[in-house]
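Here is work-v4.cif, consisting of mmCIF, N, CA and C atoms:
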data_protein
loop_
_atom_site.label_atom_id
_atom_site.label_comp_id
_atom_site.auth_asym_id
_atom_site.auth_seq_id
_atom_site.Cartn_x
_atom_site.Cartn_y
_atom_site.Cartn_z
N MET A 1290 -11.24 -17.91 -10.29
CA MET A 1290 -10.64 -16.82 -9.54
C MET A 1290 -9.67 -17.41 -8.53
N ASP A 1291 -8.52 -16.80 -8.38
CA ASP A 1291 -7.51 -17.26 -7.43
C ASP A 1291 -7.84 -16.69 -6.05
N ASP A 1292 -8.24 -17.57 -5.13
CA ASP A 1292 -8.67 -17.14 -3.80
C ASP A 1292 -7.56 -16.44 -3.02
N ASP A 1293 -6.31 -16.79 -3.25
CA ASP A 1293 -5.21 -16.19 -2.49
C ASP A 1293 -4.92 -14.76 -2.92
N ASN A 1294 -5.37 -14.33 -4.08
CA ASN A 1294 -5.14 -12.97 -4.55
C ASN A 1294 -6.31 -12.05 -4.26
N ASP A 1295 -7.42 -12.59 -3.83
CA ASP A 1295 -8.61 -11.79 -3.56
C ASP A 1295 -8.69 -11.49 -2.06
N PHE A 1296 -8.73 -10.21 -1.70
CA PHE A 1296 -8.70 -9.80 -0.30
C PHE A 1296 -9.88 -10.39 0.49
N ILE A 1297 -11.08 -10.31 -0.04
CA ILE A 1297 -12.26 -10.79 0.68
C ILE A 1297 -12.21 -12.30 0.87
N MET A 1298 -11.78 -13.01 -0.15
CA MET A 1298 -11.69 -14.47 -0.03
C MET A 1298 -10.64 -14.87 1.01
N ARG A 1299 -9.52 -14.13 1.07
CA ARG A 1299 -8.51 -14.42 2.09
C ARG A 1299 -9.08 -14.20 3.49
N GLN A 1300 -9.89 -13.14 3.64
CA GLN A 1300 -10.50 -12.86 4.94
C GLN A 1300 -11.46 -13.97 5.33
N ILE A 1301 -12.29 -14.40 4.39
CA ILE A 1301 -13.26 -15.47 4.67
C ILE A 1301 -12.52 -16.77 5.01
N LYS A 1302 -11.49 -17.07 4.24
CA LYS A 1302 -10.71 -18.28 4.49
C LYS A 1302 -10.05 -18.24 5.87
N SER A 1303 -9.47 -17.09 6.22
CA SER A 1303 -8.84 -16.95 7.54
C SER A 1303 -9.86 -17.09 8.66
N PHE A 1304 -11.02 -16.49 8.47
CA PHE A 1304 -12.07 -16.59 9.47
C PHE A 1304 -12.52 -18.04 9.64
N ALA A 1305 -12.72 -18.73 8.52
CA ALA A 1305 -13.17 -20.12 8.57
C ALA A 1305 -12.12 -21.01 9.23
N GLU A 1306 -10.85 -20.78 8.91
CA GLU A 1306 -9.79 -21.59 9.53
C GLU A 1306 -9.73 -21.33 11.03
N GLY A 1307 -9.85 -20.06 11.42
CA GLY A 1307 -9.83 -19.72 12.85
C GLY A 1307 -11.01 -20.30 13.58
N PHE A 1308 -12.18 -20.22 12.96
CA PHE A 1308 -13.39 -20.76 13.56
C PHE A 1308 -13.28 -22.28 13.70
N GLY A 1309 -12.77 -22.93 12.66
CA GLY A 1309 -12.59 -24.38 12.71
C GLY A 1309 -11.60 -24.78 13.78
N TYR A 1310 -10.57 -23.99 13.95
CA TYR A 1310 -9.57 -24.27 14.98
C TYR A 1310 -10.19 -24.15 16.37
N MET A 1311 -11.00 -23.13 16.58
CA MET A 1311 -11.65 -22.93 17.89
C MET A 1311 -12.64 -24.05 18.19
N VAL A 1312 -13.42 -24.43 17.20
CA VAL A 1312 -14.44 -25.46 17.40
C VAL A 1312 -13.79 -26.82 17.64
N GLY A 1313 -12.70 -27.09 16.97
CA GLY A 1313 -12.04 -28.39 17.08
C GLY A 1313 -11.27 -28.58 18.37
N LYS A 1314 -11.08 -27.56 19.16
CA LYS A 1314 -10.28 -27.64 20.38
C LYS A 1314 -11.15 -27.59 21.63
N LYS A 1315 -12.17 -28.40 21.70
CA LYS A 1315 -13.03 -28.42 22.88
C LYS A 1315 -12.25 -28.89 24.09
N GLY A 1316 -12.45 -28.21 25.20
CA GLY A 1316 -11.82 -28.60 26.43
C GLY A 1316 -10.37 -28.16 26.56
N ALA A 1317 -9.80 -27.57 25.53
CA ALA A 1317 -8.41 -27.12 25.59
C ALA A 1317 -8.36 -25.71 26.18
N ASN A 1318 -7.17 -25.23 26.42
CA ASN A 1318 -7.01 -23.86 26.91
C ASN A 1318 -7.58 -22.87 25.90
N LYS A 1319 -7.82 -21.65 26.38
CA LYS A 1319 -8.35 -20.62 25.48
C LYS A 1319 -7.36 -20.35 24.35
N THR A 1320 -7.92 -20.11 23.19
CA THR A 1320 -7.12 -19.83 22.01
C THR A 1320 -7.36 -18.40 21.58
N GLU A 1321 -6.31 -17.70 21.26
CA GLU A 1321 -6.42 -16.33 20.76
C GLU A 1321 -6.02 -16.33 19.31
N ILE A 1322 -6.86 -15.76 18.47
CA ILE A 1322 -6.58 -15.67 17.04
C ILE A 1322 -6.26 -14.21 16.74
N VAL A 1323 -5.12 -13.97 16.13
CA VAL A 1323 -4.69 -12.62 15.79
C VAL A 1323 -4.67 -12.50 14.28
N PHE A 1324 -5.46 -11.55 13.76
CA PHE A 1324 -5.49 -11.31 12.33
C PHE A 1324 -4.52 -10.19 11.99
N GLU A 1325 -3.91 -10.29 10.84
CA GLU A 1325 -2.96 -9.27 10.39
C GLU A 1325 -3.71 -7.95 10.20
N GLN A 1326 -3.20 -6.88 10.81
CA GLN A 1326 -3.89 -5.60 10.81
C GLN A 1326 -3.74 -4.83 9.51
N GLN A 1327 -2.58 -4.87 8.90
CA GLN A 1327 -2.33 -4.04 7.74
C GLN A 1327 -2.29 -4.87 6.46
N GLN A 1328 -3.18 -5.82 6.37
CA GLN A 1328 -3.14 -6.76 5.26
C GLN A 1328 -3.37 -6.05 3.92
N ASN A 1329 -4.26 -5.09 3.90
CA ASN A 1329 -4.57 -4.42 2.64
C ASN A 1329 -4.09 -2.98 2.66
N GLN A 1330 -3.06 -2.69 3.41
CA GLN A 1330 -2.56 -1.32 3.50
C GLN A 1330 -2.11 -0.80 2.14
N ARG A 1331 -1.43 -1.62 1.39
CA ARG A 1331 -0.93 -1.17 0.09
C ARG A 1331 -2.07 -0.73 -0.81
N GLY A 1332 -3.13 -1.51 -0.86
CA GLY A 1332 -4.27 -1.14 -1.69
C GLY A 1332 -4.89 0.16 -1.26
N LYS A 1333 -4.95 0.41 0.02
CA LYS A 1333 -5.52 1.66 0.53
C LYS A 1333 -4.66 2.85 0.14
N ILE A 1334 -3.36 2.71 0.22
CA ILE A 1334 -2.47 3.80 -0.16
C ILE A 1334 -2.67 4.16 -1.63
N TYR A 1335 -2.69 3.16 -2.49
CA TYR A 1335 -2.86 3.41 -3.91
C TYR A 1335 -4.24 4.02 -4.19
N THR A 1336 -5.26 3.55 -3.49
CA THR A 1336 -6.60 4.10 -3.66
C THR A 1336 -6.65 5.55 -3.21
N ASP A 1337 -6.02 5.86 -2.09
CA ASP A 1337 -5.98 7.24 -1.60
C ASP A 1337 -5.31 8.16 -2.61
N ILE A 1338 -4.20 7.71 -3.18
CA ILE A 1338 -3.49 8.52 -4.17
C ILE A 1338 -4.33 8.68 -5.43
N ASP A 1339 -4.98 7.60 -5.87
CA ASP A 1339 -5.86 7.70 -7.03
C ASP A 1339 -6.94 8.75 -6.82
N ASN A 1340 -7.50 8.79 -5.62
CA ASN A 1340 -8.54 9.79 -5.32
C ASN A 1340 -7.98 11.20 -5.37
N LEU A 1341 -6.77 11.39 -4.88
CA LEU A 1341 -6.15 12.72 -4.95
C LEU A 1341 -5.90 13.12 -6.40
N LEU A 1342 -5.41 12.19 -7.20
CA LEU A 1342 -5.15 12.48 -8.61
C LEU A 1342 -6.44 12.76 -9.37
N LEU A 1343 -7.49 12.06 -9.02
CA LEU A 1343 -8.79 12.27 -9.65
C LEU A 1343 -9.27 13.70 -9.47
N HIS A 1344 -8.93 14.27 -8.32
CA HIS A 1344 -9.34 15.65 -8.02
C HIS A 1344 -8.24 16.66 -8.32
N HIS A 1345 -7.25 16.23 -9.10
CA HIS A 1345 -6.14 17.07 -9.55
C HIS A 1345 -5.35 17.68 -8.39
N LYS A 1346 -5.20 16.94 -7.32
CA LYS A 1346 -4.43 17.39 -6.16
C LYS A 1346 -3.06 16.72 -6.21
N TYR A 1347 -2.26 17.17 -7.17
CA TYR A 1347 -0.98 16.54 -7.44
C TYR A 1347 0.01 16.73 -6.30
N GLU A 1348 0.10 17.93 -5.78
CA GLU A 1348 1.03 18.20 -4.68
C GLU A 1348 0.66 17.36 -3.44
N ALA A 1349 -0.63 17.24 -3.18
CA ALA A 1349 -1.08 16.43 -2.05
C ALA A 1349 -0.72 14.96 -2.26
N ALA A 1350 -0.83 14.48 -3.49
CA ALA A 1350 -0.47 13.09 -3.79
C ALA A 1350 1.02 12.86 -3.57
N ILE A 1351 1.84 13.81 -4.00
CA ILE A 1351 3.29 13.70 -3.81
C ILE A 1351 3.62 13.72 -2.32
N ASN A 1352 3.01 14.62 -1.59
CA ASN A 1352 3.26 14.70 -0.14
C ASN A 1352 2.77 13.45 0.57
N TYR A 1353 1.69 12.85 0.08
CA TYR A 1353 1.19 11.60 0.65
C TYR A 1353 2.23 10.50 0.50
N VAL A 1354 2.87 10.44 -0.67
CA VAL A 1354 3.92 9.44 -0.89
C VAL A 1354 5.09 9.71 0.06
N TYR A 1355 5.49 10.98 0.16
CA TYR A 1355 6.58 11.32 1.08
C TYR A 1355 6.25 10.88 2.51
N SER A 1356 4.99 11.00 2.90
CA SER A 1356 4.59 10.65 4.27
C SER A 1356 4.70 9.15 4.54
N LYS A 1357 4.76 8.35 3.50
CA LYS A 1357 4.86 6.89 3.65
C LYS A 1357 6.30 6.39 3.66
N LYS A 1358 7.26 7.31 3.61
CA LYS A 1358 8.68 6.95 3.53
C LYS A 1358 9.12 6.06 4.69
N PHE A 1359 8.64 6.35 5.89
CA PHE A 1359 9.06 5.59 7.05
C PHE A 1359 8.01 4.57 7.50
N VAL A 1360 6.90 4.53 6.78
CA VAL A 1360 5.84 3.56 7.08
C VAL A 1360 6.06 2.28 6.27
N LEU A 1361 6.43 2.45 5.02
CA LEU A 1361 6.66 1.31 4.11
C LEU A 1361 8.13 0.91 4.14
N ASP A 1362 8.39 -0.33 3.76
CA ASP A 1362 9.79 -0.71 3.62
C ASP A 1362 10.36 -0.04 2.37
N ARG A 1363 11.65 -0.04 2.25
CA ARG A 1363 12.33 0.70 1.17
C ARG A 1363 11.82 0.30 -0.21
N LYS A 1364 11.70 -1.00 -0.45
CA LYS A 1364 11.27 -1.49 -1.77
C LYS A 1364 9.84 -1.02 -2.09
N ALA A 1365 8.94 -1.15 -1.13
CA ALA A 1365 7.55 -0.74 -1.35
C ALA A 1365 7.44 0.76 -1.56
N TYR A 1366 8.25 1.53 -0.82
CA TYR A 1366 8.24 2.99 -0.98
C TYR A 1366 8.71 3.38 -2.39
N LEU A 1367 9.78 2.75 -2.85
CA LEU A 1367 10.29 3.05 -4.20
C LEU A 1367 9.29 2.63 -5.27
N GLU A 1368 8.64 1.50 -5.09
CA GLU A 1368 7.60 1.07 -6.05
C GLU A 1368 6.46 2.08 -6.09
N LEU A 1369 6.07 2.55 -4.92
CA LEU A 1369 5.00 3.55 -4.85
C LEU A 1369 5.42 4.83 -5.55
N GLY A 1370 6.65 5.27 -5.29
CA GLY A 1370 7.16 6.47 -5.95
C GLY A 1370 7.21 6.33 -7.46
N GLN A 1371 7.70 5.20 -7.94
CA GLN A 1371 7.77 4.96 -9.39
C GLN A 1371 6.37 4.89 -10.01
N TRP A 1372 5.44 4.28 -9.28
CA TRP A 1372 4.07 4.21 -9.77
C TRP A 1372 3.47 5.60 -9.91
N LEU A 1373 3.70 6.46 -8.89
CA LEU A 1373 3.16 7.82 -8.96
C LEU A 1373 3.83 8.62 -10.08
N ILE A 1374 5.14 8.43 -10.27
CA ILE A 1374 5.83 9.11 -11.37
C ILE A 1374 5.18 8.76 -12.70
N THR A 1375 4.90 7.48 -12.90
CA THR A 1375 4.26 7.03 -14.14
C THR A 1375 2.90 7.68 -14.31
N ARG A 1376 2.14 7.72 -13.22
CA ARG A 1376 0.80 8.34 -13.27
C ARG A 1376 0.89 9.83 -13.57
N LEU A 1377 1.84 10.52 -12.93
CA LEU A 1377 1.97 11.97 -13.13
C LEU A 1377 2.45 12.30 -14.53
N LYS A 1378 3.34 11.48 -15.08
CA LYS A 1378 3.83 11.71 -16.44
C LYS A 1378 2.71 11.61 -17.47
N GLY A 1379 1.70 10.81 -17.16
CA GLY A 1379 0.59 10.64 -18.08
C GLY A 1379 -0.47 11.72 -17.99
N ASP A 1380 -0.29 12.68 -17.10
CA ASP A 1380 -1.28 13.75 -16.92
C ASP A 1380 -0.67 15.08 -17.36
N PRO A 1381 -1.20 15.67 -18.42
CA PRO A 1381 -0.62 16.91 -18.95
C PRO A 1381 -0.79 18.12 -18.03
N GLU A 1382 -1.64 18.04 -17.02
CA GLU A 1382 -1.88 19.17 -16.14
C GLU A 1382 -0.85 19.28 -15.01
N VAL A 1383 0.00 18.29 -14.87
CA VAL A 1383 0.99 18.28 -13.79
C VAL A 1383 2.11 19.27 -14.11
N SER A 1384 2.52 20.03 -13.12
CA SER A 1384 3.63 20.97 -13.27
C SER A 1384 4.91 20.19 -13.54
N VAL A 1385 5.63 20.59 -14.59
CA VAL A 1385 6.87 19.92 -14.97
C VAL A 1385 7.90 20.06 -13.84
N GLN A 1386 7.97 21.23 -13.23
CA GLN A 1386 8.92 21.46 -12.13
C GLN A 1386 8.61 20.55 -10.95
N GLN A 1387 7.34 20.43 -10.61
CA GLN A 1387 6.92 19.58 -9.50
C GLN A 1387 7.27 18.12 -9.78
N LEU A 1388 7.02 17.69 -10.99
CA LEU A 1388 7.32 16.31 -11.39
C LEU A 1388 8.82 16.05 -11.35
N GLN A 1389 9.61 16.97 -11.89
CA GLN A 1389 11.06 16.80 -11.91
C GLN A 1389 11.64 16.74 -10.49
N GLU A 1390 11.11 17.56 -9.60
CA GLU A 1390 11.57 17.56 -8.21
C GLU A 1390 11.24 16.22 -7.54
N PHE A 1391 10.04 15.71 -7.80
CA PHE A 1391 9.64 14.42 -7.22
C PHE A 1391 10.52 13.29 -7.76
N ILE A 1392 10.76 13.29 -9.07
CA ILE A 1392 11.62 12.27 -9.69
C ILE A 1392 13.02 12.33 -9.07
N HIS A 1393 13.55 13.54 -8.91
CA HIS A 1393 14.87 13.71 -8.31
C HIS A 1393 14.91 13.13 -6.90
N ASN A 1394 13.90 13.41 -6.09
CA ASN A 1394 13.87 12.92 -4.71
C ASN A 1394 13.74 11.40 -4.64
N ILE A 1395 12.93 10.82 -5.51
CA ILE A 1395 12.79 9.36 -5.53
C ILE A 1395 14.09 8.71 -5.98
N ASN A 1396 14.72 9.28 -7.02
CA ASN A 1396 15.99 8.73 -7.50
C ASN A 1396 17.09 8.86 -6.46
N LYS A 1397 17.07 9.97 -5.72
CA LYS A 1397 18.07 10.18 -4.67
C LYS A 1397 17.89 9.12 -3.56
N TYR A 1398 16.65 8.80 -3.22
CA TYR A 1398 16.38 7.80 -2.21
C TYR A 1398 16.74 6.40 -2.69
N GLN A 1399 16.70 6.22 -4.01
CA GLN A 1399 16.95 4.91 -4.60
C GLN A 1399 18.43 4.54 -4.52
N LYS A 1400 19.30 5.54 -4.45
CA LYS A 1400 20.74 5.26 -4.39
C LYS A 1400 21.05 4.54 -3.07
N PRO A 1401 21.98 3.59 -3.09
CA PRO A 1401 22.30 2.83 -1.87
C PRO A 1401 22.82 3.75 -0.77
N MET A 1402 22.39 3.43 0.44
CA MET A 1402 22.83 4.19 1.60
C MET A 1402 24.18 3.66 2.06
N LEU A 1403 25.04 4.54 2.50
CA LEU A 1403 26.37 4.13 2.97
C LEU A 1403 26.35 3.82 4.43
#

What does this structure look like when you write it as structure tokens?
Amino acid sequence: MDDDNDFIMRQIKSFAEGFGYMVGKKGANKTEIVFEQQQNQRGKIYTDIDNLLLHHKYEAAINYVYSKKFVLDRKAYLELGQWLITRLKGDPEVSVQQLQEFIHNINKYQKPML
């Protein structure tokens, strides 16, 4: 298993490195260790959307993606939008009009800004 791709292993490794750094610096000034806060944010977003889709809440899933427009960087937002489009296309219960509107909005955002 690749430790750098596993969230829990990265956390354990970071904790161990921080602990080793603190223990190795006896007598030095206080050390502050800052862990990245949004390390697994992407996974949480995808999990949240999966849960909405599982319960057939398609409009809520689309609105959830829209709500991340200014939270994620442009590339991540477009990837999320394309991922949801793929998921929605694979579900026959999704409204065609709703899907087409979402595709239009994602494609419109994809065009370069002037």

Residues selected by the PyMOL selection byres ((chain A and resi 1388-1402) around 8), written as a PDB file with N, CA and C atoms, in the coordinates of the input:
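In the end it all went to selection.pdb:
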ATOM      1  N   ILE A1351       1.840  13.810  -4.000  1.00  0.00           N
ATOM      2  CA  ILE A1351       3.290  13.700  -3.810  1.00  0.00           C
ATOM      3  C   ILE A1351       3.620  13.720  -2.320  1.00  0.00           C
ATOM      4  N   TYR A1366       8.250   1.530  -0.820  1.00  0.00           N
ATOM      5  CA  TYR A1366       8.240   2.990  -0.980  1.00  0.00           C
ATOM      6  C   TYR A1366       8.710   3.380  -2.390  1.00  0.00           C
ATOM      7  N   LEU A1367       9.780   2.750  -2.850  1.00  0.00           N
ATOM      8  CA  LEU A1367      10.290   3.050  -4.200  1.00  0.00           C
ATOM      9  C   LEU A1367       9.290   2.630  -5.270  1.00  0.00           C
ATOM     10  N   GLY A1370       6.650   5.270  -5.290  1.00  0.00           N
ATOM     11  CA  GLY A1370       7.160   6.470  -5.950  1.00  0.00           C
ATOM     12  C   GLY A1370       7.210   6.330  -7.460  1.00  0.00           C
ATOM     13  N   GLN A1371       7.700   5.200  -7.940  1.00  0.00           N
ATOM     14  CA  GLN A1371       7.770   4.960  -9.390  1.00  0.00           C
ATOM     15  C   GLN A1371       6.370   4.890 -10.010  1.00  0.00           C
ATOM     16  N   ILE A1374       5.140   8.430 -10.270  1.00  0.00           N
ATOM     17  CA  ILE A1374       5.830   9.110 -11.370  1.00  0.00           C
ATOM     18  C   ILE A1374       5.180   8.760 -12.700  1.00  0.00           C
ATOM     19  N   LEU A1377       1.840  10.520 -12.930  1.00  0.00           N
ATOM     20  CA  LEU A1377       1.970  11.970 -13.130  1.00  0.00           C
ATOM     21  C   LEU A1377       2.450  12.300 -14.530  1.00  0.00           C
ATOM     22  N   LYS A1378       3.340  11.480 -15.080  1.00  0.00           N
ATOM     23  CA  LYS A1378       3.830  11.710 -16.440  1.00  0.00           C
ATOM     24  C   LYS A1378       2.710  11.610 -17.470  1.00  0.00           C
ATOM     25  N   VAL A1383       0.000  18.290 -14.870  1.00  0.00           N
ATOM     26  CA  VAL A1383       0.990  18.280 -13.790  1.00  0.00           C
ATOM     27  C   VAL A1383       2.110  19.270 -14.110  1.00  0.00           C
ATOM     28  N   SER A1384       2.520  20.030 -13.120  1.00  0.00           N
ATOM     29  CA  SER A1384       3.630  20.970 -13.270  1.00  0.00           C
ATOM     30  C   SER A1384       4.910  20.190 -13.540  1.00  0.00           C
ATOM     31  N   VAL A1385       5.630  20.590 -14.590  1.00  0.00           N
ATOM     32  CA  VAL A1385       6.870  19.920 -14.970  1.00  0.00           C
ATOM     33  C   VAL A1385       7.900  20.060 -13.840  1.00  0.00           C
ATOM     34  N   GLN A1386       7.970  21.230 -13.230  1.00  0.00           N
ATOM     35  CA  GLN A1386       8.920  21.460 -12.130  1.00  0.00           C
ATOM     36  C   GLN A1386       8.610  20.550 -10.950  1.00  0.00           C
ATOM     37  N   GLN A1387       7.340  20.430 -10.610  1.00  0.00           N
ATOM     38  CA  GLN A1387       6.920  19.580  -9.500  1.00  0.00           C
ATOM     39  C   GLN A1387       7.270  18.120  -9.780  1.00  0.00           C
ATOM     40  N   LEU A1403      25.040   4.540   2.500  1.00  0.00           N
ATOM     41  CA  LEU A1403      26.370   4.130   2.970  1.00  0.00           C
ATOM     42  C   LEU A1403      26.350   3.820   4.430  1.00  0.00           C
TER      43      LEU A1403
END

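Of the listed residues A:Glu1348, A:Tyr1335, A:Ile1301, A:Glu1306, the one whose atoms come nearest to Leu1369 of chain A is A:Tyr1335, with distances taken using only N, CA and C atoms.
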
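With atom CA of Ala1350 of chain A on one side and atom C of Ile1338 of chain A on the other, the separation reads 6.1 Å.
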
Size and centre in Å, one decimal, axis-aligned box, all listed segment 1380-1391 of chain A atoms plus 4 Å per side, as lines of an AutoDock Vina configuration file:
center_x = 4.9
center_y = 17.1
center_z = -13.1
size_x = 21.5
size_y = 16.8
size_z = 19.7

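Separating atom N of Ile1297 of chain A from atom CA of Lys1364 of chain A is a distance of 24.1 Å.
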
Between atom C of Phe1359 of chain A and atom C of Leu1343 of chain A lies a distance of 25.9 Å

Quiz prompt | Given the PyMOL selection byres (((chain A and resi 1337 and name CA) around 12) and name CA), the residues it picks as number ranges by chain | solution = A: 1330-1336, 1338-1344, 1346, 1349-1354, 1373
